[in-house]
$ cat entry-v3.cif   # mmCIF, N, CA and C atoms and all ligand atoms
data_input
loop_
_atom_site.group_PDB
_atom_site.id
_atom_site.type_symbol
_atom_site.label_atom_id
_atom_site.label_comp_id
_atom_site.auth_asym_id
_atom_site.auth_seq_id
_atom_site.Cartn_x
_atom_site.Cartn_y
_atom_site.Cartn_z
ATOM 1 N N MET A 19 93.669 89.139 119.669
ATOM 2 C CA MET A 19 93.325 89.889 118.457
ATOM 3 C C MET A 19 93.790 91.341 118.630
ATOM 4 N N ARG A 20 94.252 91.893 117.557
ATOM 5 C CA ARG A 20 94.743 93.280 117.575
ATOM 6 C C ARG A 20 93.792 94.165 116.815
ATOM 7 N N HIS A 21 93.590 95.316 117.332
ATOM 8 C CA HIS A 21 92.852 96.299 116.549
ATOM 9 C C HIS A 21 93.415 97.672 116.830
ATOM 10 N N ARG A 22 93.193 98.546 115.905
ATOM 11 C CA ARG A 22 93.780 99.877 116.030
ATOM 12 C C ARG A 22 93.028 100.710 117.053
ATOM 13 N N ARG A 23 93.819 101.457 117.802
ATOM 14 C CA ARG A 23 93.185 102.439 118.664
ATOM 15 C C ARG A 23 92.873 103.677 117.850
ATOM 16 N N PRO A 24 91.775 104.308 118.175
ATOM 17 C CA PRO A 24 91.443 105.543 117.455
ATOM 18 C C PRO A 24 92.404 106.672 117.806
ATOM 19 N N ARG A 25 93.051 106.556 118.959
ATOM 20 C CA ARG A 25 93.949 107.626 119.364
ATOM 21 C C ARG A 25 95.389 107.222 119.069
ATOM 22 N N GLY A 26 96.199 108.236 118.793
ATOM 23 C CA GLY A 26 97.614 107.980 118.597
ATOM 24 C C GLY A 26 97.934 107.663 117.150
ATOM 25 N N LYS A 27 98.963 108.301 116.660
ATOM 26 C CA LYS A 27 99.380 108.020 115.295
ATOM 27 C C LYS A 27 100.279 106.795 115.282
ATOM 28 N N PRO A 28 100.201 106.016 114.227
ATOM 29 C CA PRO A 28 101.106 104.876 114.127
ATOM 30 C C PRO A 28 102.542 105.353 113.992
ATOM 31 N N ILE A 29 103.426 104.582 114.570
ATOM 32 C CA ILE A 29 104.850 104.890 114.461
ATOM 33 C C ILE A 29 105.404 104.158 113.243
ATOM 34 N N LEU A 30 106.152 104.874 112.451
ATOM 35 C CA LEU A 30 106.788 104.265 111.294
ATOM 36 C C LEU A 30 108.206 103.861 111.664
ATOM 37 N N ARG A 31 108.530 102.633 111.383
ATOM 38 C CA ARG A 31 109.871 102.151 111.697
ATOM 39 C C ARG A 31 110.576 101.670 110.433
ATOM 40 N N CYS A 32 111.874 101.890 110.440
ATOM 41 C CA CYS A 32 112.693 101.454 109.325
ATOM 42 C C CYS A 32 112.804 99.927 109.336
ATOM 43 N N PRO A 33 112.555 99.273 108.222
ATOM 44 C CA PRO A 33 112.672 97.816 108.162
ATOM 45 C C PRO A 33 114.119 97.351 108.196
ATOM 46 N N THR A 34 115.038 98.252 107.982
ATOM 47 C CA THR A 34 116.446 97.885 107.958
ATOM 48 C C THR A 34 117.107 98.023 109.322
ATOM 49 N N CYS A 35 116.930 99.172 109.962
ATOM 50 C CA CYS A 35 117.637 99.402 111.222
ATOM 51 C C CYS A 35 116.698 99.543 112.404
ATOM 52 N N GLY A 36 115.401 99.613 112.160
ATOM 53 C CA GLY A 36 114.451 99.662 113.264
ATOM 54 C C GLY A 36 114.261 101.045 113.856
ATOM 55 N N SER A 37 114.895 102.035 113.266
ATOM 56 C CA SER A 37 114.743 103.388 113.788
ATOM 57 C C SER A 37 113.364 103.941 113.456
ATOM 58 N N ASP A 38 112.893 104.861 114.294
ATOM 59 C CA ASP A 38 111.615 105.495 113.990
ATOM 60 C C ASP A 38 111.813 106.879 113.386
ATOM 61 N N ARG A 39 113.034 107.167 112.988
ATOM 62 C CA ARG A 39 113.302 108.468 112.368
ATOM 63 C C ARG A 39 113.006 108.392 110.877
ATOM 64 N N ILE A 40 111.752 108.176 110.585
ATOM 65 C CA ILE A 40 111.313 108.026 109.207
ATOM 66 C C ILE A 40 110.621 109.300 108.751
ATOM 67 N N ILE A 41 111.026 109.798 107.619
ATOM 68 C CA ILE A 41 110.330 110.948 107.061
ATOM 69 C C ILE A 41 109.702 110.546 105.740
ATOM 70 N N TYR A 42 108.623 111.222 105.423
ATOM 71 C CA TYR A 42 107.921 110.961 104.173
ATOM 72 C C TYR A 42 108.493 111.850 103.098
ATOM 73 N N GLU A 43 108.835 111.256 101.983
ATOM 74 C CA GLU A 43 109.365 112.048 100.886
ATOM 75 C C GLU A 43 108.329 112.179 99.791
ATOM 76 N N ALA A 44 108.563 113.103 98.924
ATOM 77 C CA ALA A 44 107.613 113.368 97.857
ATOM 78 C C ALA A 44 107.337 112.107 97.056
ATOM 79 N N ALA A 45 106.082 111.895 96.802
ATOM 80 C CA ALA A 45 105.689 110.695 96.090
ATOM 81 C C ALA A 45 106.026 110.800 94.609
ATOM 82 N N LEU A 46 106.529 109.720 94.097
ATOM 83 C CA LEU A 46 106.773 109.644 92.663
ATOM 84 C C LEU A 46 105.655 108.819 92.028
ATOM 85 N N ILE A 47 105.853 108.412 90.810
ATOM 86 C CA ILE A 47 104.819 107.626 90.144
ATOM 87 C C ILE A 47 104.612 106.277 90.820
ATOM 88 N N THR A 48 105.616 105.863 91.571
ATOM 89 C CA THR A 48 105.494 104.578 92.260
ATOM 90 C C THR A 48 104.665 104.696 93.523
ATOM 91 N N GLY A 49 104.349 105.922 93.914
ATOM 92 C CA GLY A 49 103.553 106.100 95.116
ATOM 93 C C GLY A 49 104.371 106.647 96.256
ATOM 94 N N GLN A 50 104.007 106.214 97.456
ATOM 95 C CA GLN A 50 104.655 106.780 98.640
ATOM 96 C C GLN A 50 106.106 106.341 98.745
ATOM 97 N N ARG A 51 106.877 107.184 99.358
ATOM 98 C CA ARG A 51 108.284 106.887 99.541
ATOM 99 C C ARG A 51 108.743 107.432 100.883
ATOM 100 N N TYR A 52 109.509 106.617 101.584
ATOM 101 C CA TYR A 52 109.977 107.020 102.906
ATOM 102 C C TYR A 52 111.495 107.023 102.936
ATOM 103 N N HIS A 53 112.018 107.809 103.857
ATOM 104 C CA HIS A 53 113.453 107.947 103.986
ATOM 105 C C HIS A 53 113.825 107.811 105.459
ATOM 106 N N CYS A 54 114.696 106.888 105.769
ATOM 107 C CA CYS A 54 115.177 106.722 107.134
ATOM 108 C C CYS A 54 116.384 107.611 107.349
ATOM 109 N N LEU A 55 116.279 108.475 108.361
ATOM 110 C CA LEU A 55 117.376 109.399 108.632
ATOM 111 C C LEU A 55 118.530 108.712 109.333
ATOM 112 N N ALA A 56 118.281 107.544 109.885
ATOM 113 C CA ALA A 56 119.315 106.858 110.656
ATOM 114 C C ALA A 56 120.268 106.080 109.758
ATOM 115 N N CYS A 57 119.720 105.412 108.752
ATOM 116 C CA CYS A 57 120.591 104.562 107.935
ATOM 117 C C CYS A 57 120.472 104.867 106.444
ATOM 118 N N ASP A 58 119.709 105.910 106.107
ATOM 119 C CA ASP A 58 119.562 106.339 104.713
ATOM 120 C C ASP A 58 118.804 105.341 103.855
ATOM 121 N N TYR A 59 118.026 104.479 104.493
ATOM 122 C CA TYR A 59 117.143 103.610 103.721
ATOM 123 C C TYR A 59 116.087 104.457 103.039
ATOM 124 N N VAL A 60 115.856 104.181 101.790
ATOM 125 C CA VAL A 60 114.794 104.845 101.049
ATOM 126 C C VAL A 60 113.948 103.792 100.377
ATOM 127 N N GLY A 61 112.659 103.856 100.572
ATOM 128 C CA GLY A 61 111.786 102.890 99.940
ATOM 129 C C GLY A 61 110.346 103.128 100.297
ATOM 130 N N SER A 62 109.497 102.318 99.707
ATOM 131 C CA SER A 62 108.066 102.492 99.922
ATOM 132 C C SER A 62 107.567 101.667 101.093
ATOM 133 N N PHE A 63 108.405 100.763 101.585
ATOM 134 C CA PHE A 63 107.984 99.897 102.676
ATOM 135 C C PHE A 63 108.578 100.346 103.999
ATOM 136 N N VAL A 64 107.719 100.519 104.973
ATOM 137 C CA VAL A 64 108.178 100.761 106.338
ATOM 138 C C VAL A 64 107.306 99.939 107.278
ATOM 139 N N VAL A 65 107.831 99.681 108.444
ATOM 140 C CA VAL A 65 107.082 98.947 109.450
ATOM 141 C C VAL A 65 106.203 99.928 110.218
ATOM 142 N N GLU A 66 104.953 99.573 110.349
ATOM 143 C CA GLU A 66 104.026 100.457 111.042
ATOM 144 C C GLU A 66 103.677 99.859 112.399
ATOM 145 N N GLU A 67 103.850 100.675 113.426
ATOM 146 C CA GLU A 67 103.522 100.205 114.770
ATOM 147 C C GLU A 67 102.504 101.138 115.399
ATOM 148 N N ASP A 68 101.706 100.578 116.264
ATOM 149 C CA ASP A 68 100.774 101.432 117.011
ATOM 150 C C ASP A 68 101.522 102.182 118.088
ATOM 151 N N ALA A 69 101.286 103.457 118.162
ATOM 152 C CA ALA A 69 101.915 104.257 119.198
ATOM 153 C C ALA A 69 101.263 103.980 120.536
ATOM 154 N N PRO A 70 102.071 103.953 121.578
ATOM 155 C CA PRO A 70 101.485 103.806 122.903
ATOM 156 C C PRO A 70 100.660 105.032 123.245
ATOM 157 N N PRO A 71 99.576 104.866 123.930
ATOM 158 C CA PRO A 71 98.748 106.027 124.276
ATOM 159 C C PRO A 71 99.500 106.973 125.183
ATOM 160 N N GLU A 72 99.384 108.265 124.902
ATOM 161 C CA GLU A 72 100.128 109.235 125.670
ATOM 162 C C GLU A 72 99.300 109.761 126.838
ATOM 163 N N GLY A 73 100.018 110.147 127.873
ATOM 164 C CA GLY A 73 99.368 110.813 128.978
ATOM 165 C C GLY A 73 98.535 109.891 129.841
ATOM 166 N N SER A 74 98.888 108.634 129.869
ATOM 167 C CA SER A 74 98.110 107.731 130.703
ATOM 168 C C SER A 74 98.985 107.168 131.822
HETATM 169 ZN ZN ZN A 101 117.058 102.839 108.939
#

$ encode --input "entry-v3.cif" --output "structure tokens"
Amino acid sequence: MRHRRPRGKPILRCPTCGSDRIIYEAALITGQRYHCLACDYVGSFVVEEDAPPEGS
């Protein structure tokens, strides 16, 4: 079973190229929108991953 850790921000990954260079763009009426800097994917869907805990 998976559950979220309270620590660490989730990593956003591009569903197209798998890069984590995702930036959040201004929301339009459709809601949230993300932009992948690696492949120029733009859309509301991104893959969310749990970040590994840092400093351990
Ligand atoms: Zn991409």

$ atom_distance --input "entry-v3.cif" --atom1 "atom CA of Ile47 of chain A" --atom2 "atom CA of Glu67 of chain A"
25.8 Å

$ residues_around --input "entry-v3.cif" --residues "segment 33-38 of chain A" --least-positions-apart "3" --cutoff "6 Å" --atoms "all atoms listed in the file" --output "list of chain:residue names"
A:Leu30, A:Phe63, A:Val64, A:Val65

$ axis_aligned_box --input "entry-v3.cif" --around "segment 59-62 of chain A" --padding-each-side "5 Å" --output "JSON"
{"center_x": 112.8, "center_y": 103.3, "center_z": 102.1, "size_x": 20.5, "size_y": 13.2, "size_z": 14.8}

$ resolve_selection --input "entry-v3.cif" --expression "the PyMOL selection byres (((chain A and resi 54) around 8) and not hetatm)" --output "list in words"
Arg31, Cys32, Pro33, Ser37, Asp38, Arg39, Ile40, Ile41, Tyr42, Arg51, Tyr52, His53, Leu55, Ala56, Cys57, Asp58, Tyr59, Val60 and Gly61 of chain A

$ resolve_selection --input "entry-v3.cif" --expression "the PyMOL selection byres (((chain A and resi 69) around 8) and not hetatm)" --output "MDAnalysis selection string"
chainID A and resid 23 25:30 66:68 70:72

$ decode --input "entry-v3.cif" --residues "chain A" --atoms "C-alpha atoms" --output "mmCIF file, in the first residue's frame"
data_model
loop_
_atom_site.group_PDB
_atom_site.id
_atom_site.type_symbol
_atom_site.label_atom_id
_atom_site.label_comp_id
_atom_site.auth_asym_id
_atom_site.auth_seq_id
_atom_site.Cartn_x
_atom_site.Cartn_y
_atom_site.Cartn_z
ATOM 1 C CA MET A 19 0.000 0.000 0.000
ATOM 2 C CA ARG A 20 1.207 3.490 -0.807
ATOM 3 C CA HIS A 21 0.634 6.571 1.174
ATOM 4 C CA ARG A 22 1.977 10.048 0.990
ATOM 5 C CA ARG A 23 4.780 11.165 3.170
ATOM 6 C CA PRO A 24 4.159 14.409 4.966
ATOM 7 C CA ARG A 25 7.629 15.545 3.996
ATOM 8 C CA GLY A 26 8.831 16.353 0.526
ATOM 9 C CA LYS A 27 7.001 17.913 -2.345
ATOM 10 C CA PRO A 28 5.683 15.678 -5.081
ATOM 11 C CA ILE A 29 7.683 15.700 -8.265
ATOM 12 C CA LEU A 30 5.792 16.612 -11.391
ATOM 13 C CA ARG A 31 6.750 14.667 -14.463
ATOM 14 C CA CYS A 32 5.880 15.201 -18.073
ATOM 15 C CA PRO A 33 3.578 12.446 -19.376
ATOM 16 C CA THR A 34 5.179 12.756 -22.787
ATOM 17 C CA CYS A 35 8.922 12.733 -22.185
ATOM 18 C CA GLY A 36 9.195 11.936 -18.487
ATOM 19 C CA SER A 37 11.141 15.062 -17.657
ATOM 20 C CA ASP A 38 10.646 16.733 -14.307
ATOM 21 C CA ARG A 39 11.225 20.184 -15.745
ATOM 22 C CA ILE A 40 7.598 21.093 -15.345
ATOM 23 C CA ILE A 41 6.506 24.616 -14.637
ATOM 24 C CA TYR A 42 3.074 25.796 -13.647
ATOM 25 C CA GLU A 43 1.497 28.275 -15.979
ATOM 26 C CA ALA A 44 -1.258 30.717 -15.320
ATOM 27 C CA ALA A 45 -4.564 29.013 -14.948
ATOM 28 C CA LEU A 46 -7.216 29.620 -17.521
ATOM 29 C CA ILE A 47 -10.898 28.834 -17.267
ATOM 30 C CA THR A 48 -10.018 25.197 -17.743
ATOM 31 C CA GLY A 49 -8.045 25.227 -14.527
ATOM 32 C CA GLN A 50 -4.445 24.336 -13.941
ATOM 33 C CA ARG A 51 -2.008 24.189 -16.775
ATOM 34 C CA TYR A 52 1.533 22.902 -16.905
ATOM 35 C CA HIS A 53 4.350 23.404 -19.338
ATOM 36 C CA CYS A 54 7.223 20.995 -19.902
ATOM 37 C CA LEU A 55 10.441 22.832 -20.624
ATOM 38 C CA ALA A 56 12.017 19.744 -22.137
ATOM 39 C CA CYS A 57 9.558 18.931 -24.893
ATOM 40 C CA ASP A 58 7.151 21.898 -24.843
ATOM 41 C CA TYR A 59 4.221 19.783 -23.739
ATOM 42 C CA VAL A 60 1.446 21.967 -22.428
ATOM 43 C CA GLY A 61 -1.562 20.573 -20.664
ATOM 44 C CA SER A 62 -3.439 20.069 -17.468
ATOM 45 C CA PHE A 63 -2.226 16.527 -16.912
ATOM 46 C CA VAL A 64 1.135 15.702 -15.422
ATOM 47 C CA VAL A 65 2.461 12.662 -13.641
ATOM 48 C CA GLU A 66 2.898 13.189 -9.941
ATOM 49 C CA GLU A 67 5.574 11.304 -8.071
ATOM 50 C CA ASP A 68 6.570 11.306 -4.453
ATOM 51 C CA ALA A 69 9.910 12.929 -3.927
ATOM 52 C CA PRO A 70 12.528 10.878 -2.178
ATOM 53 C CA PRO A 71 13.201 12.154 1.319
ATOM 54 C CA GLU A 72 16.155 14.479 1.408
ATOM 55 C CA GLY A 73 19.057 14.410 3.771
ATOM 56 C CA SER A 74 18.718 10.834 4.844
#
